[in-house]
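K.L.:
My structure is in coords-v3.cif, and what it holds is mmCIF, C-alpha atoms:
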data_my_file
#
loop_
_atom_site.group_PDB
_atom_site.id
_atom_site.type_symbol
_atom_site.label_atom_id
_atom_site.label_comp_id
_atom_site.auth_asym_id
_atom_site.auth_seq_id
_atom_site.Cartn_x
_atom_site.Cartn_y
_atom_site.Cartn_z
ATOM 1 C CA MET A 23 34.375 -4.210 79.682
ATOM 2 C CA GLU A 24 31.498 -4.072 77.265
ATOM 3 C CA HIS A 25 32.229 -4.565 73.605
ATOM 4 C CA SER A 26 30.310 -2.354 71.239
ATOM 5 C CA ALA A 27 28.375 -4.085 68.501
ATOM 6 C CA PRO A 28 30.124 -4.035 65.114
ATOM 7 C CA LEU A 29 28.947 -1.270 62.910
ATOM 8 C CA THR A 30 27.091 -2.448 59.834
ATOM 9 C CA PRO A 31 26.571 -0.116 56.901
ATOM 10 C CA GLU A 32 23.018 0.871 56.273
ATOM 11 C CA LEU A 33 21.749 -0.351 52.954
ATOM 12 C CA SER A 34 20.196 2.419 50.949
ATOM 13 C CA PRO A 35 17.444 1.631 48.473
ATOM 14 C CA PRO A 36 18.499 1.617 44.824
ATOM 15 C CA SER A 37 18.303 5.027 43.247
ATOM 16 C CA PHE A 38 15.520 5.692 40.782
ATOM 17 C CA ASP A 39 16.313 8.257 38.154
ATOM 18 C CA VAL A 40 13.002 9.669 36.961
ATOM 19 C CA ARG A 41 14.659 11.945 34.421
ATOM 20 C CA GLN A 42 16.507 9.027 32.849
ATOM 21 C CA LEU A 43 13.273 7.030 32.683
ATOM 22 C CA VAL A 44 11.505 9.905 30.943
ATOM 23 C CA ARG A 45 14.401 10.223 28.491
ATOM 24 C CA ASP A 46 14.294 6.486 27.805
ATOM 25 C CA PHE A 47 10.591 6.448 26.992
ATOM 26 C CA TYR A 48 11.060 9.594 24.929
ATOM 27 C CA ASP A 49 13.761 7.795 22.922
ATOM 28 C CA LEU A 50 11.581 4.701 22.724
ATOM 29 C CA SER A 51 8.925 6.721 20.901
ATOM 30 C CA LYS A 52 11.372 7.647 18.078
ATOM 31 C CA PRO A 53 10.921 11.416 18.426
ATOM 32 C CA GLY A 54 12.631 12.201 15.119
ATOM 33 C CA ILE A 55 10.020 10.285 13.144
ATOM 34 C CA GLY A 56 7.303 11.653 15.402
ATOM 35 C CA PHE A 57 8.383 15.236 14.761
ATOM 36 C CA TYR A 58 8.084 14.852 10.996
ATOM 37 C CA SER A 59 4.751 13.053 11.350
ATOM 38 C CA LEU A 60 3.340 15.909 13.410
ATOM 39 C CA LEU A 61 4.831 18.519 11.098
ATOM 40 C CA THR A 62 3.329 16.964 7.976
ATOM 41 C CA THR A 63 -0.026 16.363 9.665
ATOM 42 C CA ALA A 64 -0.199 19.960 10.857
ATOM 43 C CA THR A 65 0.691 21.328 7.414
ATOM 44 C CA SER A 66 -1.942 19.306 5.577
ATOM 45 C CA PHE A 67 -4.540 20.181 8.239
ATOM 46 C CA TRP A 68 -3.843 23.872 7.616
ATOM 47 C CA LEU A 69 -3.930 23.481 3.845
ATOM 48 C CA ALA A 70 -7.253 21.616 3.952
ATOM 49 C CA SER A 71 -8.901 24.187 6.233
ATOM 50 C CA SER A 72 -11.075 26.990 4.926
ATOM 51 C CA VAL A 73 -11.876 27.959 8.527
ATOM 52 C CA PHE A 74 -9.268 26.746 11.015
ATOM 53 C CA ASN A 75 -10.813 24.605 13.777
ATOM 54 C CA THR A 76 -8.441 24.852 16.741
ATOM 55 C CA THR A 77 -10.162 22.170 18.826
ATOM 56 C CA LEU A 78 -10.143 19.662 15.982
ATOM 57 C CA PHE A 79 -6.506 20.520 15.267
ATOM 58 C CA LEU A 80 -5.465 19.809 18.863
ATOM 59 C CA HIS A 81 -7.359 16.507 18.874
ATOM 60 C CA THR A 82 -5.718 15.507 15.572
ATOM 61 C CA MET A 83 -2.236 16.359 16.785
ATOM 62 C CA ALA A 84 -2.710 14.589 20.128
ATOM 63 C CA ALA A 85 -3.973 11.419 18.459
ATOM 64 C CA THR A 86 -1.185 11.498 15.862
ATOM 65 C CA ALA A 87 1.422 11.956 18.583
ATOM 66 C CA LEU A 88 0.143 8.929 20.497
ATOM 67 C CA ILE A 89 0.060 6.780 17.367
ATOM 68 C CA THR A 90 3.585 7.699 16.263
ATOM 69 C CA CYS A 91 4.944 7.174 19.792
ATOM 70 C CA GLY A 92 3.308 3.758 19.968
ATOM 71 C CA GLY A 93 4.491 2.746 16.519
ATOM 72 C CA GLY A 94 8.057 3.807 17.278
ATOM 73 C CA ALA A 95 8.100 1.820 20.506
ATOM 74 C CA LEU A 96 6.637 -1.325 18.935
ATOM 75 C CA ASN A 97 9.135 -1.096 16.073
ATOM 76 C CA GLN A 98 11.975 -1.087 18.590
ATOM 77 C CA VAL A 99 10.475 -4.060 20.435
ATOM 78 C CA ILE A 100 10.378 -6.014 17.181
ATOM 79 C CA GLU A 101 13.921 -4.982 16.217
ATOM 80 C CA ILE A 102 15.584 -5.271 19.618
ATOM 81 C CA GLU A 103 17.988 -7.980 18.440
ATOM 82 C CA ALA A 104 19.003 -6.083 15.297
ATOM 83 C CA ASP A 105 19.410 -2.855 17.278
ATOM 84 C CA SER A 106 21.766 -4.621 19.689
ATOM 85 C CA GLN A 107 24.041 -5.508 16.740
ATOM 86 C CA MET A 108 24.372 -1.979 15.363
ATOM 87 C CA HIS A 109 26.659 0.678 16.840
ATOM 88 C CA ARG A 110 24.215 3.493 16.076
ATOM 89 C CA THR A 111 21.340 1.779 17.923
ATOM 90 C CA GLU A 112 22.945 -0.422 20.597
ATOM 91 C CA ARG A 113 22.482 2.268 23.261
ATOM 92 C CA ARG A 114 18.745 2.544 22.703
ATOM 93 C CA PRO A 115 16.621 1.856 25.807
ATOM 94 C CA LEU A 116 15.688 -1.735 24.922
ATOM 95 C CA PRO A 117 18.996 -3.275 23.735
ATOM 96 C CA SER A 118 20.861 -1.487 26.537
ATOM 97 C CA GLY A 119 18.471 -2.998 29.104
ATOM 98 C CA ARG A 120 17.319 0.311 30.585
ATOM 99 C CA VAL A 121 13.729 -0.531 29.581
ATOM 100 C CA SER A 122 12.427 -4.102 29.530
ATOM 101 C CA PRO A 123 10.821 -5.518 26.366
ATOM 102 C CA LEU A 124 7.570 -6.021 28.304
ATOM 103 C CA MET A 125 7.461 -2.359 29.330
ATOM 104 C CA GLY A 126 8.258 -1.313 25.772
ATOM 105 C CA LEU A 127 5.491 -3.556 24.453
ATOM 106 C CA LEU A 128 2.930 -2.231 26.936
ATOM 107 C CA PHE A 129 3.872 1.357 26.200
ATOM 108 C CA GLY A 130 3.669 0.776 22.451
ATOM 109 C CA VAL A 131 0.339 -1.069 22.533
ATOM 110 C CA LEU A 132 -1.346 1.394 24.890
ATOM 111 C CA ALA A 133 -0.133 4.447 22.963
ATOM 112 C CA SER A 134 -1.079 2.976 19.576
ATOM 113 C CA LEU A 135 -4.511 1.778 20.620
ATOM 114 C CA GLY A 136 -5.175 4.908 22.632
ATOM 115 C CA GLY A 137 -4.241 7.152 19.724
ATOM 116 C CA THR A 138 -6.329 5.204 17.226
ATOM 117 C CA VAL A 139 -9.437 5.200 19.446
ATOM 118 C CA TYR A 140 -8.887 8.862 20.276
ATOM 119 C CA MET A 141 -8.696 9.631 16.541
ATOM 120 C CA LEU A 142 -11.909 7.707 15.905
ATOM 121 C CA PHE A 143 -13.969 9.471 18.579
ATOM 122 C CA PHE A 144 -12.542 12.989 18.437
ATOM 123 C CA VAL A 145 -11.538 13.356 14.763
ATOM 124 C CA ASN A 146 -13.243 10.995 12.280
ATOM 125 C CA GLY A 147 -13.346 7.464 10.935
ATOM 126 C CA LEU A 148 -11.205 8.068 7.839
ATOM 127 C CA ALA A 149 -8.394 9.611 9.859
ATOM 128 C CA SER A 150 -8.547 6.662 12.269
ATOM 129 C CA LEU A 151 -8.481 4.176 9.380
ATOM 130 C CA LEU A 152 -5.423 5.902 7.934
ATOM 131 C CA ALA A 153 -3.763 5.664 11.336
ATOM 132 C CA ILE A 154 -4.456 1.923 11.435
ATOM 133 C CA LEU A 155 -3.015 1.530 7.926
ATOM 134 C CA THR A 156 0.067 3.474 8.986
ATOM 135 C CA LEU A 157 0.667 1.271 12.019
ATOM 136 C CA GLY A 158 -0.104 -1.942 10.152
ATOM 137 C CA GLY A 159 2.114 -1.086 7.213
ATOM 138 C CA TYR A 160 4.973 0.090 9.404
ATOM 139 C CA LEU A 161 4.973 -2.758 11.897
ATOM 140 C CA PHE A 162 3.726 -5.787 9.966
ATOM 141 C CA VAL A 163 4.894 -5.113 6.412
ATOM 142 C CA TYR A 164 7.874 -2.744 6.375
ATOM 143 C CA THR A 165 9.613 -3.881 9.580
ATOM 144 C CA PRO A 166 9.739 -7.648 8.799
ATOM 145 C CA LEU A 167 10.607 -6.991 5.141
ATOM 146 C CA LYS A 168 13.704 -5.014 6.155
ATOM 147 C CA LYS A 169 15.410 -8.339 6.867
ATOM 148 C CA LYS A 170 14.313 -9.849 3.551
ATOM 149 C CA THR A 171 14.614 -7.325 0.721
ATOM 150 C CA HIS A 172 16.017 -3.920 -0.158
ATOM 151 C CA LEU A 173 12.557 -3.070 -1.527
ATOM 152 C CA ALA A 174 11.476 -2.569 2.078
ATOM 153 C CA THR A 175 12.796 0.986 1.754
ATOM 154 C CA LEU A 176 10.288 1.716 -0.994
ATOM 155 C CA ILE A 177 7.479 -0.163 0.754
ATOM 156 C CA GLY A 178 8.138 1.644 4.028
ATOM 157 C CA ALA A 179 7.742 4.999 2.330
ATOM 158 C CA PHE A 180 3.995 4.315 1.986
ATOM 159 C CA PRO A 181 3.161 4.246 5.723
ATOM 160 C CA GLY A 182 5.779 6.934 6.214
ATOM 161 C CA ALA A 183 3.805 9.321 3.998
ATOM 162 C CA VAL A 184 0.315 8.564 5.345
ATOM 163 C CA PRO A 185 0.428 11.139 8.203
ATOM 164 C CA ILE A 186 0.146 13.929 5.640
ATOM 165 C CA LEU A 187 -3.145 12.357 4.531
ATOM 166 C CA ILE A 188 -4.364 12.178 8.133
ATOM 167 C CA GLY A 189 -4.260 15.947 8.519
ATOM 168 C CA TRP A 190 -6.247 16.416 5.313
ATOM 169 C CA ALA A 191 -8.771 13.705 6.203
ATOM 170 C CA ALA A 192 -9.260 15.208 9.657
ATOM 171 C CA VAL A 193 -10.594 18.419 8.077
ATOM 172 C CA ARG A 194 -12.303 17.231 4.904
ATOM 173 C CA GLY A 195 -13.336 13.688 5.810
ATOM 174 C CA SER A 196 -12.166 12.627 2.346
ATOM 175 C CA LEU A 197 -9.077 12.645 0.137
ATOM 176 C CA ASP A 198 -8.754 14.426 -3.203
ATOM 177 C CA LEU A 199 -6.026 15.031 -5.770
ATOM 178 C CA SER A 200 -4.506 17.847 -3.722
ATOM 179 C CA ALA A 201 -4.100 15.506 -0.742
ATOM 180 C CA TRP A 202 -2.461 12.871 -2.921
ATOM 181 C CA SER A 203 -0.066 15.461 -4.371
ATOM 182 C CA LEU A 204 1.148 16.147 -0.824
ATOM 183 C CA PHE A 205 1.433 12.396 -0.237
ATOM 184 C CA ALA A 206 3.561 12.038 -3.386
ATOM 185 C CA ILE A 207 6.016 14.707 -2.223
ATOM 186 C CA LEU A 208 6.501 13.075 1.164
ATOM 187 C CA PHE A 209 6.673 9.582 -0.338
ATOM 188 C CA ILE A 210 9.400 10.436 -2.855
ATOM 189 C CA TRP A 211 11.382 12.564 -0.378
ATOM 190 C CA GLN A 212 11.866 9.583 1.931
ATOM 191 C CA ILE A 213 13.831 7.499 -0.583
ATOM 192 C CA PRO A 214 16.975 9.649 -0.992
ATOM 193 C CA HIS A 215 16.722 10.605 2.683
ATOM 194 C CA PHE A 216 16.927 6.984 3.802
ATOM 195 C CA LEU A 217 19.419 5.933 1.111
ATOM 196 C CA ALA A 218 21.806 8.567 2.459
ATOM 197 C CA ILE A 219 21.461 7.076 5.961
ATOM 198 C CA ALA A 220 21.853 3.555 4.566
ATOM 199 C CA TRP A 221 25.104 4.507 2.829
ATOM 200 C CA MET A 222 26.565 6.206 5.904
ATOM 201 C CA TYR A 223 25.807 3.199 8.129
ATOM 202 C CA ARG A 224 26.144 0.390 5.592
ATOM 203 C CA LYS A 225 28.594 -1.558 7.778
ATOM 204 C CA ASP A 226 26.197 -1.396 10.685
ATOM 205 C CA TYR A 227 23.293 -2.579 8.543
ATOM 206 C CA ALA A 228 25.405 -5.404 7.119
ATOM 207 C CA ARG A 229 26.354 -6.501 10.646
ATOM 208 C CA ALA A 230 22.688 -6.655 11.619
ATOM 209 C CA GLY A 231 21.723 -8.583 8.471
ATOM 210 C CA PHE A 232 19.699 -5.927 6.643
ATOM 211 C CA PRO A 233 19.992 -6.459 2.844
ATOM 212 C CA LEU A 234 19.832 -2.780 1.931
ATOM 213 C CA LEU A 235 21.053 -1.507 -1.427
ATOM 214 C CA SER A 236 24.187 -0.149 0.232
ATOM 215 C CA VAL A 237 24.879 -3.642 1.608
ATOM 216 C CA ILE A 238 24.124 -5.846 -1.410
ATOM 217 C CA ASP A 239 25.754 -3.373 -3.815
ATOM 218 C CA PRO A 240 28.842 -2.072 -1.951
ATOM 219 C CA GLU A 241 30.072 -0.215 -5.042
ATOM 220 C CA GLY A 242 27.052 2.053 -4.712
ATOM 221 C CA ASN A 243 25.862 1.855 -8.327
ATOM 222 C CA LYS A 244 22.238 1.011 -7.495
ATOM 223 C CA SER A 245 22.113 3.447 -4.593
ATOM 224 C CA ALA A 246 23.423 6.208 -6.854
ATOM 225 C CA ILE A 247 20.827 5.524 -9.556
ATOM 226 C CA ASN A 248 17.976 5.471 -7.053
ATOM 227 C CA ILE A 249 19.154 8.623 -5.318
ATOM 228 C CA LEU A 250 19.262 10.461 -8.642
ATOM 229 C CA ASN A 251 15.967 9.106 -9.942
ATOM 230 C CA TYR A 252 13.903 9.865 -6.853
ATOM 231 C CA THR A 253 15.465 13.228 -6.054
ATOM 232 C CA LEU A 254 15.076 14.517 -9.598
ATOM 233 C CA ALA A 255 11.522 13.136 -9.776
ATOM 234 C CA LEU A 256 10.739 15.178 -6.683
ATOM 235 C CA ILE A 257 11.252 18.456 -8.596
ATOM 236 C CA PRO A 258 8.198 18.204 -10.896
ATOM 237 C CA LEU A 259 6.130 16.430 -8.242
ATOM 238 C CA SER A 260 6.760 19.233 -5.772
ATOM 239 C CA LEU A 261 5.209 21.716 -8.218
ATOM 240 C CA LEU A 262 1.853 19.905 -8.302
ATOM 241 C CA PRO A 263 0.290 21.850 -5.394
ATOM 242 C CA SER A 264 0.648 25.073 -7.371
ATOM 243 C CA LEU A 265 -0.616 23.477 -10.581
ATOM 244 C CA LEU A 266 -3.645 22.257 -8.612
ATOM 245 C CA ARG A 267 -4.123 25.802 -7.258
ATOM 246 C CA LEU A 268 -3.515 24.728 -3.679
ATOM 247 C CA THR A 269 -0.608 27.169 -3.469
ATOM 248 C CA GLY A 270 0.606 30.183 -5.424
ATOM 249 C CA VAL A 271 3.690 31.462 -7.207
ATOM 250 C CA VAL A 272 5.802 31.912 -4.056
ATOM 251 C CA TYR A 273 5.587 28.207 -3.309
ATOM 252 C CA PHE A 274 6.148 27.307 -6.973
ATOM 253 C CA VAL A 275 9.406 29.263 -7.194
ATOM 254 C CA GLY A 276 10.557 28.171 -3.745
ATOM 255 C CA ALA A 277 9.851 24.502 -4.432
ATOM 256 C CA LEU A 278 11.707 24.706 -7.731
ATOM 257 C CA LEU A 279 14.784 26.250 -6.102
ATOM 258 C CA LEU A 280 14.691 23.769 -3.226
ATOM 259 C CA GLY A 281 14.398 20.887 -5.655
ATOM 260 C CA ILE A 282 17.388 22.108 -7.652
ATOM 261 C CA GLY A 283 19.449 22.415 -4.467
ATOM 262 C CA PHE A 284 18.394 18.959 -3.288
ATOM 263 C CA GLY A 285 19.138 17.602 -6.760
ATOM 264 C CA ALA A 286 22.642 19.094 -6.689
ATOM 265 C CA ALA A 287 23.343 17.319 -3.390
ATOM 266 C CA ALA A 288 22.012 14.079 -4.916
ATOM 267 C CA ILE A 289 24.263 14.406 -7.976
ATOM 268 C CA ARG A 290 27.273 14.963 -5.724
ATOM 269 C CA ALA A 291 26.413 11.960 -3.529
ATOM 270 C CA ALA A 292 25.779 9.725 -6.542
ATOM 271 C CA SER A 293 29.061 10.658 -8.193
ATOM 272 C CA GLN A 294 31.344 10.703 -5.135
ATOM 273 C CA ARG A 295 29.752 7.871 -3.099
ATOM 274 C CA THR A 296 31.516 8.886 0.098
ATOM 275 C CA ASN A 297 30.243 9.172 3.641
ATOM 276 C CA ARG A 298 30.812 12.909 3.468
ATOM 277 C CA SER A 299 28.686 13.383 0.355
ATOM 278 C CA ALA A 300 26.009 11.081 1.819
ATOM 279 C CA LYS A 301 25.992 13.196 4.981
ATOM 280 C CA GLN A 302 25.592 16.326 2.855
ATOM 281 C CA LEU A 303 22.657 14.700 1.056
ATOM 282 C CA LEU A 304 21.109 13.762 4.387
ATOM 283 C CA LEU A 305 21.484 17.345 5.587
ATOM 284 C CA ALA A 306 19.935 18.624 2.364
ATOM 285 C CA SER A 307 16.948 16.296 2.866
ATOM 286 C CA ILE A 308 16.542 17.412 6.485
ATOM 287 C CA ILE A 309 16.482 21.045 5.366
ATOM 288 C CA TYR A 310 14.272 20.402 2.349
ATOM 289 C CA LEU A 311 11.199 18.941 4.040
ATOM 290 C CA PRO A 312 10.456 21.532 6.763
ATOM 291 C CA VAL A 313 11.212 24.389 4.376
ATOM 292 C CA ILE A 314 8.898 23.095 1.664
ATOM 293 C CA LEU A 315 6.197 22.466 4.263
ATOM 294 C CA ALA A 316 6.635 26.028 5.503
ATOM 295 C CA LEU A 317 6.277 27.305 1.934
ATOM 296 C CA LEU A 318 3.120 25.224 1.498
ATOM 297 C CA ALA A 319 1.637 26.700 4.649
ATOM 298 C CA PHE A 320 2.712 30.273 3.837
ATOM 299 C CA ASP A 321 1.525 30.354 0.231
ATOM 300 C CA LYS A 322 -1.809 28.607 0.709
ATOM 301 C CA ILE A 323 -4.494 29.931 -1.642
#
Please render this file's structure as C-alpha cells.
P.N.:
Amino acid sequence: MEHSAPLTPELSPPSFDVRQLVRDFYDLSKPGIGFYSLLTTATSFWLASSVFNTTLFLHTMAATALITCGGGALNQVIEIEADSQMHRTERRPLPSGRVSPLMGLLFGVLASLGGTVYMLFFVNGLASLLAILTLGGYLFVYTPLKKKTHLATLIGAFPGAVPILIGWAAVRGSLDLSAWSLFAILFIWQIPHFLAIAWMYRKDYARAGFPLLSVIDPEGNKSAINILNYTLALIPLSLLPSLLRLTGVVYFVGALLLGIGFGAAAIRAASQRTNRSAKQLLLASIIYLPVILALLAFDKI
C-alpha cells in the first residue's frame, strides 16, 4: 500500500500593500504643512501678478510641493527618536517602522534637491534661493534648536513664513514692502498657532525632552503672555496690505473682524489655560489663515 506524501502548506509571498505605502510617504511629507505652504505661495503669486502666467504658476507650485515634501520627510528623519516618545507622533511611518530611515532620507533628499533645482531652472534664482533658505532654516536651525530652547518656536516661524515670499519672487523676481507685509502676517500667525498645540500636548513634548514654554512654565504664564502679544499684534499687521494699496476696503474690514475674533480666542485661552480653550484657539488659527488669504486674493487691487 502506497503512502501519500505529507501535504505541506504552500508558502505565499508576503503581501505588499501599495495603498499603505502611498499613505506612509504622504504622511512622511507632512501634508498639513505642505498645504499651507502651497496656499500661501499661490496667494502671493496671484497678488504679485499683473497678468497671470499659468505656466509659471504651475512650475512654482510643483517646485514648492517637492521642497515642502522633502523638508517634511527630512525633519521626520532627524526627529525619529523624539517622535517615537510622543503619543501624537509614535504612529508616524518612521517610528512605527513602516518606512525605514534610509528610505525616508532618500525620499527627503531627492524631493528637496529636485524641487530646488526645478525652481532654479523653471522659475528663477531668487525663488530657488528662498527655497534653500527655507530648507536650511527648517532643518539645520529650527529642528536642532527645538531640543535646546523655547525660542526655537520664534526662530522656526522665519522659514515657516518664507513660502509666501517665494510666490511673490516667482512673479516679480524681487521683494518689496508689500511682500514683506505678507511675510509679517504669516510669521506672527504661527506663534499663537503653535503655542496652542504646545499647550495641548505639553506632556508629550515634556516626555520627548522639548523645552517649550508650556513645558518649562507649566503654570502657563509665559505662554499666555506670548499668545496675547502675538495675536493682538497680528491685528494692525494684517491691515498693512490695504495701507500699502495691495488690497482694498473689503480686505481691510474682513481682516479687522478676523483679527478681533482671533484675539477673542487668544484672550480666552490666556485666561483659562485649559486644553479646551487651547483647542479653540487652534481652531481659530486654522480658520483665520485660509480666510484672510482668500480675502487677500479676492480684494486685490
K.L.:
Suppose a student applies the PyMOL selection byres ((chain A and resi 133) around 12) to this structure; what residues should they get, written as number ranges by chain?
P.N.:
A: 47, 50-51, 84-96, 126-132, 134-141, 157
K.L.:
Please write the residues from the selection above to a file, keeping C-alpha atoms, as a CSV table (one decimal), in the coordinates of the input.
P.N.:
chain,number,residue,atom,x,y,z
A,47,PHE,CA,10.6,6.4,27.0
A,50,LEU,CA,11.6,4.7,22.7
A,51,SER,CA,8.9,6.7,20.9
A,84,ALA,CA,-2.7,14.6,20.1
A,85,ALA,CA,-4.0,11.4,18.5
A,86,THR,CA,-1.2,11.5,15.9
A,87,ALA,CA,1.4,12.0,18.6
A,88,LEU,CA,0.1,8.9,20.5
A,89,ILE,CA,0.1,6.8,17.4
A,90,THR,CA,3.6,7.7,16.3
A,91,CYS,CA,4.9,7.2,19.8
A,92,GLY,CA,3.3,3.8,20.0
A,93,GLY,CA,4.5,2.7,16.5
A,94,GLY,CA,8.1,3.8,17.3
A,95,ALA,CA,8.1,1.8,20.5
A,96,LEU,CA,6.6,-1.3,18.9
A,126,GLY,CA,8.3,-1.3,25.8
A,127,LEU,CA,5.5,-3.6,24.5
A,128,LEU,CA,2.9,-2.2,26.9
A,129,PHE,CA,3.9,1.4,26.2
A,130,GLY,CA,3.7,0.8,22.5
A,131,VAL,CA,0.3,-1.1,22.5
A,132,LEU,CA,-1.3,1.4,24.9
A,134,SER,CA,-1.1,3.0,19.6
A,135,LEU,CA,-4.5,1.8,20.6
A,136,GLY,CA,-5.2,4.9,22.6
A,137,GLY,CA,-4.2,7.2,19.7
A,138,THR,CA,-6.3,5.2,17.2
A,139,VAL,CA,-9.4,5.2,19.4
A,140,TYR,CA,-8.9,8.9,20.3
A,141,MET,CA,-8.7,9.6,16.5
A,157,LEU,CA,0.7,1.3,12.0
K.L.:
Got a sec: who's within 7 Å of Phe232 (chain A), counting all atoms listed in the file, leaving out chain neighbours fewer than 5 positions off, as a list in words?
P.N.:
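Selected residues are Lys168, Lys169 and Tyr227 of chain A.
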K.L.:
Counting all atoms listed in the file, write as a CSV table (one decimal) with C-alpha atoms, keeping the file's coordinate frame all protein and nucleic acid residues lying at most 10 Å from (17.4, -1.1, 10.8) in the file's frame.
P.N.:
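Result saved to part.csv:
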chain,number,residue,atom,x,y,z
A,97,ASN,CA,9.1,-1.1,16.1
A,98,GLN,CA,12.0,-1.1,18.6
A,101,GLU,CA,13.9,-5.0,16.2
A,102,ILE,CA,15.6,-5.3,19.6
A,104,ALA,CA,19.0,-6.1,15.3
A,105,ASP,CA,19.4,-2.9,17.3
A,107,GLN,CA,24.0,-5.5,16.7
A,108,MET,CA,24.4,-2.0,15.4
A,110,ARG,CA,24.2,3.5,16.1
A,111,THR,CA,21.3,1.8,17.9
A,165,THR,CA,9.6,-3.9,9.6
A,168,LYS,CA,13.7,-5.0,6.2
A,169,LYS,CA,15.4,-8.3,6.9
A,220,ALA,CA,21.9,3.6,4.6
A,223,TYR,CA,25.8,3.2,8.1
A,226,ASP,CA,26.2,-1.4,10.7
A,227,TYR,CA,23.3,-2.6,8.5
A,228,ALA,CA,25.4,-5.4,7.1
A,230,ALA,CA,22.7,-6.7,11.6
A,231,GLY,CA,21.7,-8.6,8.5
A,232,PHE,CA,19.7,-5.9,6.6
A,233,PRO,CA,20.0,-6.5,2.8
A,234,LEU,CA,19.8,-2.8,1.9
K.L.:
My list of candidates is A:Leu124, A:Leu266, A:Gly189, A:Ala183. Which is closest to Ser150 (chain A) when distances are computed with only C-alpha atoms?
P.N.:
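Result for the nearest residue to Ser150 (chain A): A:Gly189.
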K.L.:
As a PyMOL selection string, please: the residues near region 143-145 of chain A (cut-off 12 Å, all atoms listed in the file, same-chain neighbours under 6 positions excluded).
P.N.:
chain A and resi 67+75+77-86+136-137+151-153+188-195
K.L.:
Taking into account all atoms listed in the file, which residue in the set A:Met222, A:Leu278, A:Val184, A:Leu173 is nearest to Ser66 (chain A)?
P.N.:
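Closest to Ser66 (chain A) of all the choices is A:Val184.
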K.L.:
Expanded to explicit residues, what is the PyMOL selection byres ((chain A and resi 198-201) around 10) for this file, as a PyMOL selection string?
P.N.:
chain A and resi 66+69-70+186-191+194+196-197+202-206+262-268
K.L.:
Mind listing as a list of chain:residue names all residues within 7 Å of (20.8, 8.8, -2.4), counting all atoms listed in the file?
P.N.:
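Here is the list of nearby residues: A:Pro214, A:His215, A:Leu217, A:Ala218, A:Ser245, A:Ala246, A:Asn248, A:Ile249, A:Leu250, A:Ala288, A:Ala291, A:Ala292.
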K.L.:
Write a file for region 135-184 of chain A, containing C-alpha atoms (output as a PDB file, in the first residue's frame).
P.N.:
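Final output, selection_34.pdb:
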ATOM      1  CA  LEU A 135      17.072  68.751  -4.262  1.00  0.00           C
ATOM      2  CA  GLY A 136      14.688  68.085  -7.119  1.00  0.00           C
ATOM      3  CA  GLY A 137      12.380  70.890  -6.041  1.00  0.00           C
ATOM      4  CA  THR A 138      15.209  73.374  -5.571  1.00  0.00           C
ATOM      5  CA  VAL A 139      16.766  72.627  -8.978  1.00  0.00           C
ATOM      6  CA  TYR A 140      13.333  72.674 -10.593  1.00  0.00           C
ATOM      7  CA  MET A 141      12.696  76.097  -9.026  1.00  0.00           C
ATOM      8  CA  LEU A 142      16.033  77.385 -10.302  1.00  0.00           C
ATOM      9  CA  PHE A 143      15.523  76.309 -13.920  1.00  0.00           C
ATOM     10  CA  PHE A 144      11.784  76.832 -14.346  1.00  0.00           C
ATOM     11  CA  VAL A 145      11.062  79.777 -12.011  1.00  0.00           C
ATOM     12  CA  ASN A 146      14.043  81.987 -11.073  1.00  0.00           C
ATOM     13  CA  GLY A 147      17.147  82.254  -8.933  1.00  0.00           C
ATOM     14  CA  LEU A 148      15.611  84.313  -6.115  1.00  0.00           C
ATOM     15  CA  ALA A 149      12.764  81.859  -5.629  1.00  0.00           C
ATOM     16  CA  SER A 150      15.281  78.997  -5.564  1.00  0.00           C
ATOM     17  CA  LEU A 151      17.455  80.841  -3.034  1.00  0.00           C
ATOM     18  CA  LEU A 152      14.432  81.394  -0.803  1.00  0.00           C
ATOM     19  CA  ALA A 153      13.660  77.688  -1.045  1.00  0.00           C
ATOM     20  CA  ILE A 154      17.207  76.857   0.058  1.00  0.00           C
ATOM     21  CA  LEU A 155      16.899  79.280   2.987  1.00  0.00           C
ATOM     22  CA  THR A 156      13.598  77.675   3.953  1.00  0.00           C
ATOM     23  CA  LEU A 157      15.067  74.174   3.961  1.00  0.00           C
ATOM     24  CA  GLY A 158      18.266  75.247   5.699  1.00  0.00           C
ATOM     25  CA  GLY A 159      16.470  77.204   8.388  1.00  0.00           C
ATOM     26  CA  TYR A 160      13.905  74.483   8.994  1.00  0.00           C
ATOM     27  CA  LEU A 161      16.254  71.516   9.091  1.00  0.00           C
ATOM     28  CA  PHE A 162      19.546  72.880  10.415  1.00  0.00           C
ATOM     29  CA  VAL A 163      18.473  75.738  12.680  1.00  0.00           C
ATOM     30  CA  TYR A 164      14.899  75.255  13.897  1.00  0.00           C
ATOM     31  CA  THR A 165      14.858  71.447  14.211  1.00  0.00           C
ATOM     32  CA  PRO A 166      18.027  71.066  16.362  1.00  0.00           C
ATOM     33  CA  LEU A 167      17.127  74.127  18.457  1.00  0.00           C
ATOM     34  CA  LYS A 168      13.793  72.566  19.441  1.00  0.00           C
ATOM     35  CA  LYS A 169      15.712  70.375  21.889  1.00  0.00           C
ATOM     36  CA  LYS A 170      17.676  73.312  23.301  1.00  0.00           C
ATOM     37  CA  THR A 171      15.457  76.371  23.736  1.00  0.00           C
ATOM     38  CA  HIS A 172      11.850  77.522  23.692  1.00  0.00           C
ATOM     39  CA  LEU A 173      12.977  80.304  21.333  1.00  0.00           C
ATOM     40  CA  ALA A 174      13.002  77.685  18.584  1.00  0.00           C
ATOM     41  CA  THR A 175       9.293  78.420  18.146  1.00  0.00           C
ATOM     42  CA  LEU A 176      10.069  82.013  17.215  1.00  0.00           C
ATOM     43  CA  ILE A 177      13.082  81.057  15.099  1.00  0.00           C
ATOM     44  CA  GLY A 178      11.096  78.407  13.242  1.00  0.00           C
ATOM     45  CA  ALA A 179       8.497  80.965  12.241  1.00  0.00           C
ATOM     46  CA  PHE A 180      11.049  82.540   9.867  1.00  0.00           C
ATOM     47  CA  PRO A 181      11.426  79.555   7.498  1.00  0.00           C
ATOM     48  CA  GLY A 182       7.753  78.832   8.048  1.00  0.00           C
ATOM     49  CA  ALA A 183       6.819  82.198   6.529  1.00  0.00           C
ATOM     50  CA  VAL A 184       9.246  82.164   3.583  1.00  0.00           C
TER      51      VAL A 184
END
